[in-house]
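*Asks:* Please find one structure pasted underneath; my questions will follow.
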4 protein chains.
Amino acid sequence: MRCWALVCLVKLLGKPEMEKPILIEGLPGIGFVANIAAMHMIRELGGQKFAIIKSSSFQDFAMTDKDGGLKSPINELYACADRLVVLYGNTQANDNVGQYELCWEILKLVREMGGELVITMGGYKRERLPRRPRVLCAATDEELLEEAKKLCDGIILGNIYGAAGLLLGLGRLMGMRGVCFLAETLGLYPDPRAASEVLKVVSTFLDIEIDLSKLEQAAMIAEDMWRSLRPPEETRPPRRRGEGIV
Amino acid sequence: MRCWALVCLVKLLGKPEMEKPILIEGLPGIGFVANIAAMHMIRELGGQKFAIIKSSSFQDFAMTDKDGGLKSPINELYACADRLVVLYGNTQANDNVGQYELCWEILKLVREMGGELVITMGGYKRERLPRRPRVLCAATDEELLEEAKKLCDGIILGNIYGAAGLLLGLGRLMGMRGVCFLAETLGLYPDPRAASEVLKVVSTFLDIEIDLSKLEQAAMIAEDMWRSLRPPEETRPPRRRGEGIV
Amino acid sequence: MRCWALVCLVKLLGKPEMEKPILIEGLPGIGFVANIAAMHMIRELGGQKFAIIKSSSFQDFAMTDKDGGLKSPINELYACADRLVVLYGNTQANDNVGQYELCWEILKLVREMGGELVITMGGYKRERLPRRPRVLCAATDEELLEEAKKLCDGIILGNIYGAAGLLLGLGRLMGMRGVCFLAETLGLYPDPRAASEVLKVVSTFLDIEIDLSKLEQAAMIAEDMWRSLRPPEETRPPRRRGEGIV
Amino acid sequence: MRCWALVCLVKLLGKPEMEKPILIEGLPGIGFVANIAAMHMIRELGGQKFAIIKSSSFQDFAMTDKDGGLKSPINELYACADRLVVLYGNTQANDNVGQYELCWEILKLVREMGGELVITMGGYKRERLPRRPRVLCAATDEELLEEAKKLCDGIILGNIYGAAGLLLGLGRLMGMRGVCFLAETLGLYPDPRAASEVLKVVSTFLDIEIDLSKLEQAAMIAEDMWRSLRPPEETRPPRRRGEGIV
């Protein structure tokens, strides 16, 4: 019996009927801006989880919550507001190949559902912030860019790392258009203010109303998760090359 | 002739008839707690080896014993007491992808045999120890957690690294419940005392009697293997990038 | 739904009819010599793009241009002058396995089109340069080497790294002959002079006329891209092992 | 068009008829002991090359010889003396997974040809040497070990790294027996004396006569190759993460 590398596992809990769903990326990154924004969208718009995604490039551990319950590194897709597919999760993939495969499989699924548009969100790290964090944009084609620029304070200069950038490039290869919105942030901790600015732009762009009054709750959940990231190192076994062999 | 990456090879020596077998993880980790405990279970309960597992993420070497015999990095499955599948071995996988594939293949096999429960064991590293090492727990669902907490001194705080954590998360994805028991240990050498505390809890949990009087022997085997881990480095060839080419 | 690693994706936009096409490698490397030369060939010879290639060993980001447009790490094939397939791109693969797969898939495609010859180009780094950069060569067989040596100032001593070397070795395995031309360069920035010297040799070798007067434009494009490589690091999210998990 | 990772490519030039061929490993390692010994066997016994092997875990470059000819990282199989398959090459794989796949594919091929025995050779690094380098052994079963010990000066203590160790462990999984012979060496340069001692033992073990008078020639070839390993670094392009993108 011979087996091949499991790289990405997509478990469908259902396949929602949607017309031309729009993929909204909300994975953890700078200031957890996309993560907070995505969680808030899911809560406010009553998102229904329909897919669980595991990658062998996620970390190989389990996390406990304060009651002894167990969580795992995971990505999930939620159907929201009849036309949004929100990608939420507590991790991105830890290496290049895993990251490509993860984004590819998610795009393939959304494309099969009829999707034609990808929106990615995130934070744009700054040393200092203006009073109101600015929101910057970039897009895969000019028409979309013009539309996005009207809602933003400027364009993104520099590279867009991780899923927020990769989903746009791979999506284009599949014939999907893409736009990215980044809000300025110090990026030192989960930043609900930046998430709020991104959400305002995204909701206007989508012509959807989203109540922002409970955004702080989403930020608190993110902060809580973020703190659980720094446990005492005591439970980590030796697994450097050679150490694991007895 | 073109070939694809071999990642995980499961060689079945037989397929024992078992009803709803319970997977018990006993791979090397902190203080070799799980390893000692698993070896003791196999010896005391008359375990029968029924599968050999190799991963290309195990190290690429052979180990000699003191008589010139050869051992390899390996994992094995043992059928014990009509309803246990004990995972024993001298290594975990050396990288993320290999670790996921290894756990995935093992779970798949146990799931196909009808398994619904995973128990993982291990050490919880401490700077100092109380007189009796405490045993802590975590579980994938509340019912199991309540059951486990009654037998333990507290719950696990922090991450559970390696196979002990990963088997729980991947198992849940397959519809298997999971519980983890960690005993406090200094983790500086194979620790039979911590293994003994874990075994007491696990045997009560499973309602199986296990004689602990010969546990020291299992620890000695682990210690022996552990020492063989530190051979003089003289036999290691040059294989850094570029060095191996002549 | 279980998925396997995407390593290399070749999207054909068309399959040009060519008789024994010659593969010309022009990926980024020392002094961007091959890159500039390839871009100039494509422009001067009216190359038609017929394939887009993505590898999961390319970096996982998107790049913005100064107008907010988006580019991705990519390789492309162009049909030029009825018998050339020019490999152009803004990156090589970031790891060994990806590099082999990338070169293998490109060679396979050109081989299927009837190709029997591979020409690779590049820079040969020097601390100081003579007045005119010298062009050096190496080849997979003696006949080709003799032919190449007549046009060059000497032979290559040392290893030929990256696609420029790998395409020759893998090509030979497929029954394709190969020759490499490297021009001396300081390699500190995109070097049109070295590209010009390589192009003179390659065009003579191919018996094709190429006007070199607009070569500076190709160099400027390369320089522009090269500068876009060094954006402020602010947009990079935390993604070291463990950091990405919330 | 989607492609999967090429990991190991075996190109058969022919399939020699042999009865229970014995695999002899002779890849580069400490002191190039196995490499020199294998090359000498191939030359003295008139070995016929019948397979070329490439791995995507070999390095991605081409090497030039002093005349401008090109060599690549490669492994080869030679049929010798009606019953030996000698594994010769200028590299081992650069990573774990590639190393497993390489050894696995070679073993599979020899197993299909009817092979039941694997002999691996190598150097055992020492700070100082006795007048005559000693030869040490290890084996997968007691009978073979007893046979080997009669011809050797002692047994191997410690790990056997690389293909020399891995072929034994994976071979056993396929039902092949295995024995390893290591000669003491300072390991600082290609060591024909150690190779000579290993060859004496191996030829006695195999009951084959091998003239050792021209062994120095094999060592000189190895030394030549070894020197070509240290070219000026000038031809290496930038390919660290991010550098390759323009």
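Every chain in the structure tokens takes a letter, A first, then B, and so on in the order presented; its residues are numbered from 1, and the ligands are numbered from 1 following the presented order.
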Among segment 29-100 of chain D, which ones does DSSP place in alpha helix (DSSP H), written as a list in words?

*Replies:*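 Answer for segment 29-100 of chain D, restricted to alpha helix (DSSP H): Val33, Ala34, Asn35, Ile36, Ala37, Ala38, Met39, His40, Met41, Ile42, Arg43, Glu44, Asn96, Val97, Gly98, Gln99 and Tyr100 of chain D.
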
*Asks:* Excluding Leu212 of chain B and residues on its chain fewer than 2 positions from it, collect all residues at most 9 Å away from it, counting only C-alpha atoms, and give them as an MDAnalysis selection string.

*Replies:* chainID B and resid 40 44 196 199:200 210 214:216

*Asks:* State, in Å with one decimal place, the distance from atom CA of Leu129 of chain B to atom CA of Ala194 of chain B.

*Replies:* 10.4 Å

*Asks:* Using only C-alpha atoms, which protein or nucleic acid residues come within 9 Å of segment 148-165 of chain C? Drop anything in the same chain fewer than 4 positions from it, and give the result as a ChimeraX atom specification.

*Replies:* /C:25-27,29,92-93,99-100,102-103,119-122,124,134-139,143-144,169-170,179-182,201-202,204-205 /D:59-70,72,228-237,239

*Asks:* Which of segment 19-222 of chain D end up as strand (DSSP E) when DSSP is run on this backbone - answer as a PyMOL selection string?

*Replies:* chain D and resi 22-26+48-55+61-64+70-71+75-80+84-89+117-125+135-139+154-155+159-161+177-185

*Asks:* From the list A:Tyr88, A:Leu109, A:Glu142, A:Leu173, which residue is nearest Leu13 of chain C when using only C-alpha atoms?

*Replies:*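 Distance minimum relative to Leu13 of chain C lands on A:Leu173.
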